[in-house]
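This is run.txt. It holds compact mmCIF, C-alpha atoms and all ligand atoms.
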# COMPACT_ATOMS: atom_id res chain seq x y z
CA MET A 305 0.00 0.00 0.00
CA GLN A 306 1.48 3.34 -0.98
CA TYR A 307 0.60 6.81 -2.24
CA ARG A 308 1.44 7.72 -5.82
CA ASP A 309 0.59 11.29 -6.78
CA GLN A 310 -1.34 11.62 -3.51
CA THR A 311 -3.53 8.64 -4.46
CA LEU A 312 -3.57 5.49 -2.34
CA TYR A 313 -2.71 2.32 -4.27
CA LEU A 314 -2.92 -1.29 -3.24
CA GLU A 315 -0.33 -3.05 -5.40
CA ASP A 316 -0.94 -1.31 -8.75
CA VAL A 317 -4.62 -0.49 -8.30
CA PRO A 318 -5.87 2.91 -7.08
CA LEU A 319 -8.29 2.13 -4.25
CA ALA A 320 -10.59 4.97 -5.29
CA ASP A 321 -11.22 3.14 -8.61
CA ILE A 322 -12.39 0.10 -6.67
CA ALA A 323 -14.63 2.23 -4.45
CA LYS A 324 -16.13 3.93 -7.48
CA ARG A 325 -16.80 0.68 -9.27
CA HIS A 326 -17.99 -1.48 -6.39
CA GLY A 327 -19.28 1.03 -3.86
CA THR A 328 -18.50 1.39 -0.17
CA PRO A 329 -18.02 -0.02 2.34
CA CYS A 330 -15.85 -2.75 0.79
CA TYR A 331 -13.06 -5.02 1.91
CA VAL A 332 -9.99 -5.04 -0.33
CA TYR A 333 -7.11 -7.52 0.00
CA THR A 334 -3.71 -7.77 -1.65
CA SER A 335 -2.77 -11.26 -2.76
CA ALA A 336 0.94 -10.36 -2.87
CA SER A 337 0.95 -9.61 0.84
CA ILE A 338 -0.88 -12.82 1.78
CA LEU A 339 1.45 -14.98 -0.30
CA GLY A 340 4.47 -13.01 0.91
CA LYS A 341 3.67 -13.76 4.55
CA PHE A 342 3.02 -17.41 3.79
CA GLN A 343 6.34 -17.66 1.95
CA ALA A 344 8.10 -15.93 4.84
CA TYR A 345 6.95 -18.77 7.09
CA GLU A 346 7.87 -21.41 4.51
CA GLN A 347 11.34 -19.99 3.92
CA ALA A 348 12.07 -19.58 7.61
CA PHE A 349 11.52 -23.31 8.15
CA GLY A 350 13.88 -24.18 5.30
CA SER A 351 14.54 -27.92 5.40
CA VAL A 352 13.08 -28.43 8.90
CA PRO A 353 10.09 -30.82 8.64
CA HIS A 354 6.96 -28.73 9.08
CA GLN A 355 3.38 -28.07 8.02
CA ILE A 356 1.83 -24.61 8.03
CA CYS A 357 -1.89 -24.90 8.80
CA TYR A 358 -3.42 -21.49 8.07
CA ALA A 359 -6.15 -20.73 10.63
CA ALA A 360 -9.15 -20.38 8.34
CA LYS A 361 -11.15 -18.48 10.93
CA ALA A 362 -9.03 -15.35 10.41
CA ASN A 363 -10.31 -14.98 6.84
CA GLY A 364 -12.20 -17.82 5.21
CA ASN A 365 -13.02 -16.40 1.80
CA LEU A 366 -12.78 -19.19 -0.78
CA ALA A 367 -10.43 -17.21 -3.04
CA ILE A 368 -8.02 -16.62 -0.17
CA LEU A 369 -8.16 -20.24 0.97
CA LYS A 370 -7.50 -21.27 -2.64
CA LEU A 371 -4.54 -18.91 -2.94
CA LEU A 372 -3.01 -20.48 0.16
CA ALA A 373 -3.94 -24.07 -0.76
CA GLU A 374 -2.21 -23.62 -4.12
CA ALA A 375 0.86 -22.28 -2.31
CA GLY A 376 0.95 -25.54 -0.33
CA ALA A 377 -0.75 -24.51 2.90
CA GLY A 378 -2.64 -26.82 5.18
CA PHE A 379 -5.48 -25.50 7.31
CA ASP A 380 -6.47 -25.24 10.94
CA ILE A 381 -10.26 -25.39 11.23
CA VAL A 382 -12.56 -24.83 14.19
CA SER A 383 -15.90 -25.97 12.75
CA GLY A 384 -17.52 -28.24 10.18
CA GLY A 385 -18.37 -25.14 8.16
CA GLU A 386 -14.70 -24.24 7.91
CA LEU A 387 -13.88 -27.77 6.73
CA PHE A 388 -16.58 -27.39 4.06
CA ARG A 389 -15.03 -24.08 2.95
CA VAL A 390 -11.49 -25.49 2.87
CA LEU A 391 -12.57 -28.48 0.77
CA LYS A 392 -14.57 -26.23 -1.60
CA ALA A 393 -11.44 -24.12 -2.05
CA GLY A 394 -9.39 -27.18 -3.02
CA GLY A 395 -7.64 -27.63 0.32
CA ASP A 396 -6.03 -31.01 0.95
CA PRO A 397 -7.80 -32.84 3.83
CA ALA A 398 -4.52 -34.62 4.61
CA LYS A 399 -3.19 -31.21 5.72
CA VAL A 400 -6.20 -30.22 7.85
CA ILE A 401 -6.13 -30.02 11.64
CA PHE A 402 -9.39 -29.69 13.58
CA SER A 403 -9.11 -27.48 16.70
CA GLY A 404 -11.71 -26.15 19.11
CA VAL A 405 -13.13 -26.76 22.54
CA GLY A 406 -16.69 -27.71 21.52
CA LYS A 407 -16.67 -29.92 18.42
CA THR A 408 -20.02 -31.63 17.84
CA ALA A 409 -20.48 -35.31 16.89
CA ALA A 410 -21.71 -34.27 13.43
CA GLU A 411 -18.63 -32.10 12.86
CA LEU A 412 -16.24 -34.80 14.08
CA ASP A 413 -17.91 -37.43 11.92
CA TYR A 414 -17.70 -35.18 8.83
CA ALA A 415 -13.97 -34.69 9.50
CA LEU A 416 -13.44 -38.45 9.92
CA GLU A 417 -15.34 -39.06 6.68
CA GLN A 418 -12.99 -36.63 4.92
CA ASN A 419 -9.95 -38.31 6.51
CA ILE A 420 -8.35 -35.10 7.78
CA ARG A 421 -4.83 -35.17 9.15
CA GLY A 422 -5.76 -34.93 12.81
CA PHE A 423 -7.74 -33.60 15.72
CA ASN A 424 -6.43 -31.31 18.45
CA CYS A 425 -8.52 -32.52 21.39
CA GLU A 426 -9.37 -30.46 24.43
CA SER A 427 -11.08 -32.87 26.85
CA GLU A 428 -11.43 -36.54 27.76
CA PRO A 429 -15.10 -36.74 26.76
CA GLU A 430 -14.06 -35.48 23.32
CA LEU A 431 -11.51 -38.32 23.07
CA ALA A 432 -14.23 -40.84 23.94
CA LEU A 433 -16.57 -39.39 21.32
CA ILE A 434 -13.96 -39.42 18.55
CA ASP A 435 -13.03 -43.00 19.48
CA SER A 436 -16.63 -44.18 19.18
CA LEU A 437 -17.20 -42.34 15.89
CA ALA A 438 -13.95 -43.73 14.46
CA ALA A 439 -14.96 -47.23 15.58
CA ARG A 440 -18.28 -46.92 13.77
CA ARG A 441 -16.44 -45.94 10.59
CA GLY A 442 -13.76 -48.57 11.06
CA VAL A 443 -10.95 -46.00 10.96
CA LYS A 444 -8.22 -44.78 13.29
CA ALA A 445 -8.25 -41.11 14.28
CA ARG A 446 -4.92 -39.33 14.66
CA ILE A 447 -5.07 -37.05 17.65
CA ALA A 448 -3.03 -34.56 19.65
CA LEU A 449 -4.00 -33.14 23.00
CA ARG A 450 -4.11 -29.38 23.20
CA VAL A 451 -2.29 -28.67 26.40
CA ASN A 452 -2.36 -25.52 28.38
CA PRO A 453 1.26 -24.64 29.19
CA ASP A 454 0.20 -22.15 31.91
CA VAL A 455 2.51 -19.35 30.84
CA ASP A 456 1.98 -16.31 33.03
CA ALA A 457 -0.16 -13.74 31.28
CA SER A 458 0.18 -11.09 33.97
CA THR A 459 3.50 -9.97 32.54
CA HIS A 460 2.44 -10.66 28.97
CA PRO A 461 -1.02 -9.23 28.54
CA TYR A 462 -1.40 -10.37 24.93
CA ILE A 463 -1.35 -14.02 25.88
CA SER A 464 -4.88 -14.74 26.74
CA THR A 465 -5.75 -18.39 26.30
CA GLY A 466 -2.79 -20.17 27.87
CA LEU A 467 -3.67 -20.02 31.56
CA ARG A 468 -5.40 -22.55 33.81
CA LYS A 469 -8.41 -20.32 34.28
CA HIS A 470 -9.13 -20.26 30.52
CA LYS A 471 -11.54 -22.74 28.96
CA PHE A 472 -8.97 -23.99 26.46
CA GLY A 473 -6.82 -27.10 26.50
CA ILE A 474 -5.80 -29.61 29.13
CA ASP A 475 -3.61 -28.51 32.01
CA ILE A 476 -0.01 -29.45 31.25
CA SER A 477 0.34 -31.03 34.70
CA GLU A 478 -2.45 -33.46 33.80
CA ALA A 479 -1.38 -34.05 30.21
CA GLU A 480 0.61 -37.23 30.84
CA SER A 481 -2.21 -38.97 32.67
CA VAL A 482 -4.70 -37.97 29.95
CA TYR A 483 -2.33 -39.30 27.28
CA GLY A 484 -2.15 -42.48 29.33
CA ARG A 485 -5.92 -42.83 29.08
CA ALA A 486 -5.95 -41.73 25.41
CA ARG A 487 -3.74 -44.68 24.48
CA THR A 488 -6.29 -47.12 25.91
CA PHE A 489 -8.80 -46.13 23.22
CA GLN A 490 -8.59 -48.66 20.38
CA ASN A 491 -9.37 -46.20 17.60
CA LEU A 492 -7.17 -43.25 18.53
CA VAL A 493 -3.52 -42.74 17.59
CA PRO A 494 -2.02 -40.15 19.97
CA GLU A 495 0.71 -38.94 17.66
CA GLY A 496 1.00 -35.27 18.48
CA VAL A 497 1.14 -32.61 21.15
CA SER A 498 -0.39 -29.19 20.56
CA CYS A 499 -0.89 -25.79 22.14
CA HIS A 500 -2.14 -22.35 21.17
CA ILE A 501 -1.75 -19.80 23.90
CA GLY A 502 -3.41 -16.74 22.43
CA SER A 503 -3.39 -14.16 19.74
CA GLN A 504 -1.69 -10.90 18.81
CA ILE A 505 1.53 -11.97 20.56
CA LEU A 506 4.15 -9.25 20.14
CA ASP A 507 6.85 -10.66 22.39
CA ILE A 508 8.79 -13.82 21.54
CA GLN A 509 10.13 -14.29 25.09
CA PRO A 510 7.09 -16.03 26.64
CA MET A 511 6.83 -18.18 23.51
CA LEU A 512 10.34 -19.51 24.14
CA GLU A 513 9.14 -20.72 27.53
CA VAL A 514 6.15 -22.37 25.86
CA PHE A 515 8.35 -24.11 23.25
CA ASP A 516 10.60 -25.47 26.02
CA LYS A 517 7.67 -26.82 27.98
CA MET A 518 6.11 -28.43 24.92
CA VAL A 519 9.34 -30.10 23.77
CA ALA A 520 9.93 -31.41 27.28
CA LEU A 521 6.41 -32.84 27.36
CA ALA A 522 6.88 -34.56 23.99
CA VAL A 523 10.13 -36.10 25.24
CA ARG A 524 8.46 -37.41 28.42
CA LEU A 525 5.55 -38.86 26.44
CA ARG A 526 7.91 -40.64 24.08
CA ALA A 527 9.76 -42.06 27.05
CA GLN A 528 6.42 -43.67 27.92
CA SER A 529 6.45 -45.07 24.35
CA LEU A 530 3.65 -42.94 23.01
CA PRO A 531 4.05 -42.55 19.22
CA ILE A 532 4.52 -38.76 19.33
CA ARG A 533 5.84 -37.48 16.00
CA SER A 534 4.56 -33.92 15.72
CA LEU A 535 4.51 -30.77 17.79
CA ASP A 536 1.83 -28.19 16.99
CA LEU A 537 2.83 -24.82 18.41
CA GLY A 538 -0.34 -22.96 17.42
CA GLY A 539 -0.76 -19.55 15.87
CA GLY A 540 -0.85 -16.22 17.55
CA LEU A 541 1.98 -14.14 16.13
CA GLY A 542 0.90 -10.49 16.25
CA VAL A 543 0.90 -7.69 13.69
CA PRO A 544 1.37 -3.93 14.09
CA TYR A 545 -2.01 -2.19 14.31
CA HIS A 546 -0.76 1.15 15.66
CA LYS A 547 1.46 3.25 13.48
CA GLY A 548 4.97 2.77 14.82
CA GLU A 549 4.15 -0.51 16.59
CA THR A 550 6.39 -3.42 15.64
CA ALA A 551 5.83 -7.16 15.64
CA PRO A 552 8.53 -9.84 15.72
CA PRO A 553 9.59 -10.73 12.18
CA ILE A 554 8.16 -14.09 11.08
CA ALA A 555 11.67 -15.40 10.37
CA ASP A 556 12.93 -14.59 13.90
CA TYR A 557 9.93 -16.27 15.46
CA ILE A 558 10.29 -19.44 13.38
CA HIS A 559 14.06 -19.61 13.78
CA ALA A 560 13.64 -19.43 17.56
CA MET A 561 11.04 -22.18 17.35
CA CYS A 562 13.21 -24.43 15.18
CA GLN A 563 16.15 -23.97 17.51
CA LYS A 564 14.12 -25.16 20.49
CA VAL A 565 12.78 -28.20 18.65
CA ALA A 566 16.05 -29.14 16.88
CA GLY A 567 17.41 -32.59 17.60
CA HIS A 568 14.11 -34.13 18.69
CA GLU A 569 12.87 -35.48 15.34
CA LEU A 570 9.52 -33.78 15.67
CA GLU A 571 7.59 -32.40 12.73
CA ILE A 572 6.57 -28.83 13.60
CA LEU A 573 3.02 -27.72 12.90
CA ILE A 574 1.93 -24.11 13.22
CA GLU A 575 -1.48 -22.47 12.88
CA PRO A 576 -0.97 -18.81 11.95
CA GLY A 577 -4.03 -16.77 10.98
CA ARG A 578 -3.73 -13.07 11.73
CA SER A 579 -0.04 -12.78 10.79
CA ILE A 580 -0.81 -14.05 7.26
CA VAL A 581 -3.87 -11.98 6.35
CA ALA A 582 -4.31 -9.01 8.72
CA GLU A 583 -1.97 -6.59 6.99
CA ALA A 584 -3.24 -7.58 3.53
CA GLY A 585 -6.71 -6.14 4.09
CA LEU A 586 -8.38 -2.74 4.16
CA LEU A 587 -11.94 -1.70 4.75
CA VAL A 588 -12.73 1.22 2.42
CA THR A 589 -15.46 3.56 3.63
CA ARG A 590 -16.98 6.87 2.60
CA VAL A 591 -17.61 9.86 4.85
CA LEU A 592 -21.37 10.52 5.04
CA TYR A 593 -21.56 13.46 7.43
CA ARG A 594 -19.57 15.61 9.78
CA LYS A 595 -21.06 16.80 13.03
CA THR A 596 -20.08 18.45 16.27
CA ASN A 597 -21.78 17.70 19.60
CA GLY A 598 -20.57 20.27 22.09
CA LYS A 599 -16.82 20.13 21.68
CA LYS A 600 -16.78 16.63 20.22
CA GLU A 601 -16.15 16.06 16.54
CA PHE A 602 -17.73 13.14 14.73
CA VAL A 603 -16.89 11.71 11.33
CA ILE A 604 -19.88 9.60 10.33
CA VAL A 605 -18.96 6.96 7.74
CA ASP A 606 -20.84 4.25 5.84
CA ALA A 607 -18.94 1.34 7.48
CA ALA A 608 -20.03 0.22 10.92
CA MET A 609 -19.51 -2.32 13.69
CA ASN A 610 -21.46 -4.90 11.69
CA ASP A 611 -18.74 -4.69 9.00
CA LEU A 612 -15.75 -4.55 11.37
CA ILE A 613 -16.48 -5.39 14.99
CA ARG A 614 -12.92 -5.35 16.37
CA PRO A 615 -12.94 -1.77 17.69
CA ALA A 616 -16.30 -2.30 19.44
CA LEU A 617 -15.47 -5.79 20.71
CA TYR A 618 -11.83 -5.45 21.75
CA HIS A 619 -11.32 -1.68 21.73
CA SER A 620 -8.74 -2.47 19.10
CA HIS A 621 -6.95 0.21 17.15
CA HIS A 622 -6.99 0.39 13.36
CA HIS A 623 -4.95 3.00 11.59
CA ILE A 624 -7.16 5.12 9.27
CA VAL A 625 -5.83 6.90 6.19
CA PRO A 626 -7.48 8.98 3.47
CA LEU A 627 -7.51 7.58 -0.07
CA ARG A 628 -6.44 11.00 -1.30
CA GLN A 629 -3.51 12.48 0.58
CA THR A 630 -4.25 15.95 1.87
CA ASP A 631 -2.44 18.72 3.68
CA ALA A 632 -5.69 19.74 5.39
CA ASP A 633 -5.54 20.63 9.08
CA LYS A 634 -5.63 17.84 11.62
CA ILE A 635 -8.76 17.25 13.69
CA VAL A 636 -9.45 14.96 16.65
CA ALA A 637 -12.64 13.02 16.04
CA ASP A 638 -14.59 9.86 16.69
CA VAL A 639 -15.09 7.87 13.50
CA VAL A 640 -18.51 6.26 13.83
CA GLY A 641 -20.95 4.24 11.74
CA PRO A 642 -24.72 4.44 11.19
CA ILE A 643 -25.66 1.68 13.69
CA CYS A 644 -27.90 2.54 16.63
CA GLU A 645 -25.36 1.69 19.34
CA THR A 646 -22.94 3.96 21.16
CA GLY A 647 -20.46 1.10 20.78
CA ASP A 648 -20.55 1.56 17.02
CA PHE A 649 -17.22 3.26 16.46
CA LEU A 650 -14.20 2.54 14.28
CA ALA A 651 -11.90 4.97 16.08
CA ARG A 652 -12.17 7.23 19.11
CA GLU A 653 -10.43 10.53 19.84
CA ARG A 654 -8.43 9.97 16.68
CA GLU A 655 -6.11 12.59 15.28
CA MET A 656 -6.74 12.58 11.55
CA PRO A 657 -6.86 14.91 8.58
CA ASN A 658 -9.95 17.06 8.31
CA VAL A 659 -12.30 15.13 6.03
CA PHE A 660 -15.56 16.02 4.35
CA PRO A 661 -18.69 14.22 3.15
CA GLY A 662 -17.83 12.15 0.08
CA ASP A 663 -14.18 11.62 1.09
CA LEU A 664 -12.90 8.05 1.10
CA LEU A 665 -10.99 6.46 3.98
CA ALA A 666 -9.14 3.17 4.37
CA ILE A 667 -9.33 1.38 7.69
CA CYS A 668 -6.04 -0.50 7.74
CA THR A 669 -4.99 -3.96 8.92
CA ALA A 670 -8.51 -5.30 8.50
CA GLY A 671 -7.72 -8.55 6.67
CA ALA A 672 -8.00 -10.77 9.75
CA TYR A 673 -11.11 -11.17 11.91
CA GLY A 674 -12.78 -8.50 9.77
CA PHE A 675 -15.25 -9.79 7.20
CA VAL A 676 -15.48 -13.21 8.92
CA ALA A 677 -17.03 -11.53 11.97
CA ALA A 678 -19.32 -9.24 9.96
CA SER A 679 -23.05 -9.48 10.59
CA ASN A 680 -26.33 -8.18 9.20
CA TYR A 681 -27.14 -6.19 12.35
CA ASN A 682 -29.49 -3.27 11.62
CA ALA A 683 -30.39 -5.14 8.41
CA ARG A 684 -27.19 -4.02 6.75
CA PRO A 685 -26.09 -6.15 3.79
CA ARG A 686 -22.52 -7.33 4.29
CA PRO A 687 -19.89 -5.60 2.12
CA PRO A 688 -18.17 -7.14 -0.89
CA GLU A 689 -14.66 -8.56 -0.74
CA ILE A 690 -12.22 -7.70 -3.51
CA LEU A 691 -8.85 -9.24 -4.24
CA VAL A 692 -6.08 -7.23 -5.88
CA GLU A 693 -3.47 -9.06 -7.94
CA GLY A 694 -0.91 -6.73 -9.53
CA ASP A 695 -2.81 -4.21 -11.63
CA ARG A 696 -5.99 -6.30 -11.67
CA HIS A 697 -8.72 -6.82 -9.12
CA ARG A 698 -11.74 -9.07 -8.86
CA VAL A 699 -14.77 -9.43 -6.64
CA ILE A 700 -14.30 -12.55 -4.53
CA ARG A 701 -17.57 -12.06 -2.66
CA LYS A 702 -20.47 -9.99 -3.90
CA ARG A 703 -22.11 -7.30 -1.83
CA GLU A 704 -25.22 -8.73 -0.25
CA THR A 705 -28.60 -7.55 -1.47
CA TYR A 706 -31.81 -6.87 0.44
CA GLU A 707 -33.07 -10.23 -0.86
CA ASP A 708 -30.02 -11.93 0.73
CA LEU A 709 -31.09 -10.41 4.03
CA ILE A 710 -34.40 -12.26 4.12
CA ARG A 711 -33.29 -15.56 2.57
CA GLY A 712 -34.49 -18.42 4.75
CA GLU A 713 -37.11 -16.40 6.63
C1 LIG A 801 -7.52 -18.56 16.47
C2 LIG A 801 -6.62 -19.72 16.47
C3 LIG A 801 -5.45 -19.71 15.72
C4 LIG A 801 -4.99 -18.51 14.92
O1 LIG A 801 -4.60 -17.47 15.75
P1 LIG A 801 -3.94 -16.14 15.10
O2 LIG A 801 -3.76 -15.24 16.26
O3 LIG A 801 -4.92 -15.61 14.12
O4 LIG A 801 -2.66 -16.54 14.47
C5 LIG A 801 -4.67 -20.84 15.71
N1 LIG A 801 -5.02 -21.95 16.42
C6 LIG A 801 -6.15 -21.99 17.15
C7 LIG A 801 -6.47 -23.22 17.90
C8 LIG A 801 -6.98 -20.89 17.21
O5 LIG A 801 -8.08 -20.93 17.96
Here is the file; what I need is its structure written in the form of structure tokens.
Ligand SMILES: *Cc1c(COP(=O)(O)O)cnc(C)c1O
Amino acid sequence: MQYRDQTLYLEDVPLADIAKRHGTPCYVYTSASILGKFQAYEQAFGSVPHQICYAAKANGNLAILKLLAEAGAGFDIVSGGELFRVLKAGGDPAKVIFSGVGKTAAELDYALEQNIRGFNCESEPELALIDSLAARRGVKARIALRVNPDVDASTHPYISTGLRKHKFGIDISEAESVYGRARTFQNLVPEGVSCHIGSQILDIQPMLEVFDKMVALAVRLRAQSLPIRSLDLGGGLGVPYHKGETAPPIADYIHAMCQKVAGHELEILIEPGRSIVAEAGLLVTRVLYRKTNGKKEFVIVDAAMNDLIRPALYHSHHHIVPLRQTDADKIVADVVGPICETGDFLAREREMPNVFPGDLLAICTAGAYGFVAASNYNARPRPPEILVEGDRHRVIRKRETYEDLIRGE
């Protein structure tokens, strides 16, 4: 993304052209960035045995899944619907890992039918259910336990799923006894160990502790002659949302990981989502109105919390830039949408260039957990998704119509 002659381009396409042709709000993604991040992971592993399972929940558009499948990616899924999407996009089931704390019998059976690579299991009742479903199909299910390494979040606030009090995983102190029971099931092959301790991780240090704990666990399990051959170290690498914020380079993160695992003959699996797609996406929106309440300035735009819920849900920051560079004065304003909720904001108390009705803005770093979490709240059709490739672009999901809104009612 860069300005040329004061006009914002994504790759070689002026974003204003896309807005003019397809309307606003709209999501726009750059394929070069998505593939670049994926390749950065691939290259960092080099000859170390590994499988990158892109977390489809970050952005599950078929065109994006297809782009990654063709580049050789596997997938981490958290529902039957995501498996359906991955298969529709041409994903290889032999590279699919099924994660999640509440998989239903129907979802598990669908995944067994498709012969996916494996299941990351989060409880003993889940193991029993998979065993019985596998028995009925006459197959063996390859499983890993998702363990909770209990890495202290108090000093690392971005790590939010890896503590005992969280609903995820099996406590690492109980892992060995659960593996002991897992091996008694006739139709399960406990061949992996997995963890995923949270998202938007900007500090490698706590991850090093996690890698150590996980390798040590794998070694202990093998000593008990469990057939452990892979170590799934989850996703979670962060991206810069604030201007000036930095995230660990993918290569540094993976090199540190490989160093910790070296010498143990374990295939490394990872499940990155955000770090592959977040920076590739923008939400383009048009200014509808300006207004001042007392001393407070509002920029009212045509995108809202139903299109991008992250600011409302997590108070997350997204950098906002104008599509046409201006030397207008700076203002401090809340950027808000049309939805009837005070929580409907895209930015608060934001210093930004003075903008006027009709102006176009790009809400940056919106490629992950953006469209996938969009809703029809306030009967708003969801926006289109557009993929830029060099100097071309194509609609990879149409804007919804009013008829789409009432389908099924
Ligand atoms: C959400 C999730 C991921 C992806 O996390 P990112 O922060 O997007 O990289 C990976 N694995 C599991 C189990 C998840 O729930």
Identify, counting only C-alpha atoms and all ligand atoms, the protein, DNA and RNA residues located within 7 Å of ligand LIG 801 (chain A), and give them as a compact mmCIF listing (two decimals) with C-alpha atoms, keeping the file's coordinate frame.
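That gives us out24.txt:
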# COMPACT_ATOMS: atom_id res chain seq x y z
CA ALA A 359 -6.15 -20.73 10.63
CA LYS A 361 -11.15 -18.48 10.93
CA ALA A 362 -9.03 -15.35 10.41
CA ASP A 380 -6.47 -25.24 10.94
CA SER A 403 -9.11 -27.48 16.70
CA GLY A 404 -11.71 -26.15 19.11
CA HIS A 500 -2.14 -22.35 21.17
CA GLY A 502 -3.41 -16.74 22.43
CA SER A 503 -3.39 -14.16 19.74
CA GLN A 504 -1.69 -10.90 18.81
CA GLY A 538 -0.34 -22.96 17.42
CA GLY A 539 -0.76 -19.55 15.87
CA GLY A 540 -0.85 -16.22 17.55
CA LEU A 541 1.98 -14.14 16.13
CA GLY A 542 0.90 -10.49 16.25
CA GLU A 575 -1.48 -22.47 12.88
CA PRO A 576 -0.97 -18.81 11.95
CA GLY A 577 -4.03 -16.77 10.98
CA ARG A 578 -3.73 -13.07 11.73
CA SER A 579 -0.04 -12.78 10.79
Inset, instruction - Please provide as an NGL selection string all residues within 7 Å of region 312-317 of chain A, with the sequence filter that same-chain residues fewer than 2 positions apart are discarded (counting only C-alpha atoms). - result: :A and (305-308 or 310 or 319 or 334 or 627-628 or 694-696)
Since we have the selection now, will you write its residues out, keeping C-alpha atoms, as an mmCIF file, keeping the file's coordinate frame?
data_model
loop_
_atom_site.group_PDB
_atom_site.id
_atom_site.type_symbol
_atom_site.label_atom_id
_atom_site.label_comp_id
_atom_site.auth_asym_id
_atom_site.auth_seq_id
_atom_site.Cartn_x
_atom_site.Cartn_y
_atom_site.Cartn_z
ATOM 1 C CA MET A 305 0.000 0.000 0.000
ATOM 2 C CA GLN A 306 1.480 3.340 -0.980
ATOM 3 C CA TYR A 307 0.600 6.810 -2.240
ATOM 4 C CA ARG A 308 1.440 7.720 -5.820
ATOM 5 C CA GLN A 310 -1.340 11.620 -3.510
ATOM 6 C CA LEU A 319 -8.290 2.130 -4.250
ATOM 7 C CA THR A 334 -3.710 -7.770 -1.650
ATOM 8 C CA LEU A 627 -7.510 7.580 -0.070
ATOM 9 C CA ARG A 628 -6.440 11.000 -1.300
ATOM 10 C CA GLY A 694 -0.910 -6.730 -9.530
ATOM 11 C CA ASP A 695 -2.810 -4.210 -11.630
ATOM 12 C CA ARG A 696 -5.990 -6.300 -11.670
#
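For the choices A:Asp556, A:His622, A:Lys600, A:Ile710, the atom-to-atom distance to Gln347 (chain A) is smallest for A:Asp556 when using only C-alpha atoms.
Among the candidate residues A:Pro687, A:Val581, A:Ala360, A:Thr669, the one lying nearest to Ile700 (chain A) is A:Pro687, with distances computed using only C-alpha atoms.
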Inset, instruction - Can you work out the spacing between CA of Val514 (chain A) and CA of Glu430 (chain A) in Å, to one decimal? - result: 24.2 Å
Inset, instruction - Would you mind listing what lies within 7 Å of Ala448 (chain A) as a ChimeraX atom specification, with only C-alpha atoms counted and same-chain residues fewer than 4 positions away left out? - result: /A:423-425,494-498
Generate the coordinates of N, CA, C and O atoms for region 592-601 of chain A; report them as a short mmCIF file (atom, residue, chain, number, x, y, z; two decimals), in the frame of the given file.
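Below is the file selection_21.cif, written as the result:
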data_model
loop_
_atom_site.label_atom_id
_atom_site.label_comp_id
_atom_site.auth_asym_id
_atom_site.auth_seq_id
_atom_site.Cartn_x
_atom_site.Cartn_y
_atom_site.Cartn_z
N LEU A 592 -19.99 10.10 5.33
CA LEU A 592 -21.37 10.52 5.04
C LEU A 592 -21.63 11.93 5.54
O LEU A 592 -22.19 12.76 4.83
N TYR A 593 -21.25 12.17 6.79
CA TYR A 593 -21.56 13.46 7.43
C TYR A 593 -20.44 13.84 8.38
O TYR A 593 -19.69 12.99 8.85
N ARG A 594 -20.37 15.11 8.67
CA ARG A 594 -19.57 15.61 9.78
C ARG A 594 -20.54 16.23 10.77
O ARG A 594 -21.53 16.84 10.39
N LYS A 595 -20.26 16.06 12.06
CA LYS A 595 -21.06 16.80 13.03
C LYS A 595 -20.29 17.04 14.30
O LYS A 595 -19.34 16.32 14.61
N THR A 596 -20.72 18.06 15.03
CA THR A 596 -20.08 18.45 16.27
C THR A 596 -21.14 18.45 17.37
O THR A 596 -22.17 19.08 17.21
N ASN A 597 -20.89 17.66 18.43
CA ASN A 597 -21.78 17.70 19.60
C ASN A 597 -20.99 18.34 20.73
O ASN A 597 -20.07 17.71 21.25
N GLY A 598 -21.37 19.55 21.10
CA GLY A 598 -20.57 20.27 22.09
C GLY A 598 -19.20 20.49 21.50
O GLY A 598 -19.06 21.06 20.41
N LYS A 599 -18.17 19.96 22.19
CA LYS A 599 -16.82 20.13 21.68
C LYS A 599 -16.36 18.92 20.87
O LYS A 599 -15.25 18.89 20.36
N LYS A 600 -17.22 17.90 20.82
CA LYS A 600 -16.78 16.63 20.22
C LYS A 600 -17.07 16.58 18.73
O LYS A 600 -18.17 16.88 18.28
N GLU A 601 -16.03 16.17 18.00
CA GLU A 601 -16.15 16.06 16.54
C GLU A 601 -16.48 14.61 16.16
O GLU A 601 -15.88 13.67 16.69
#
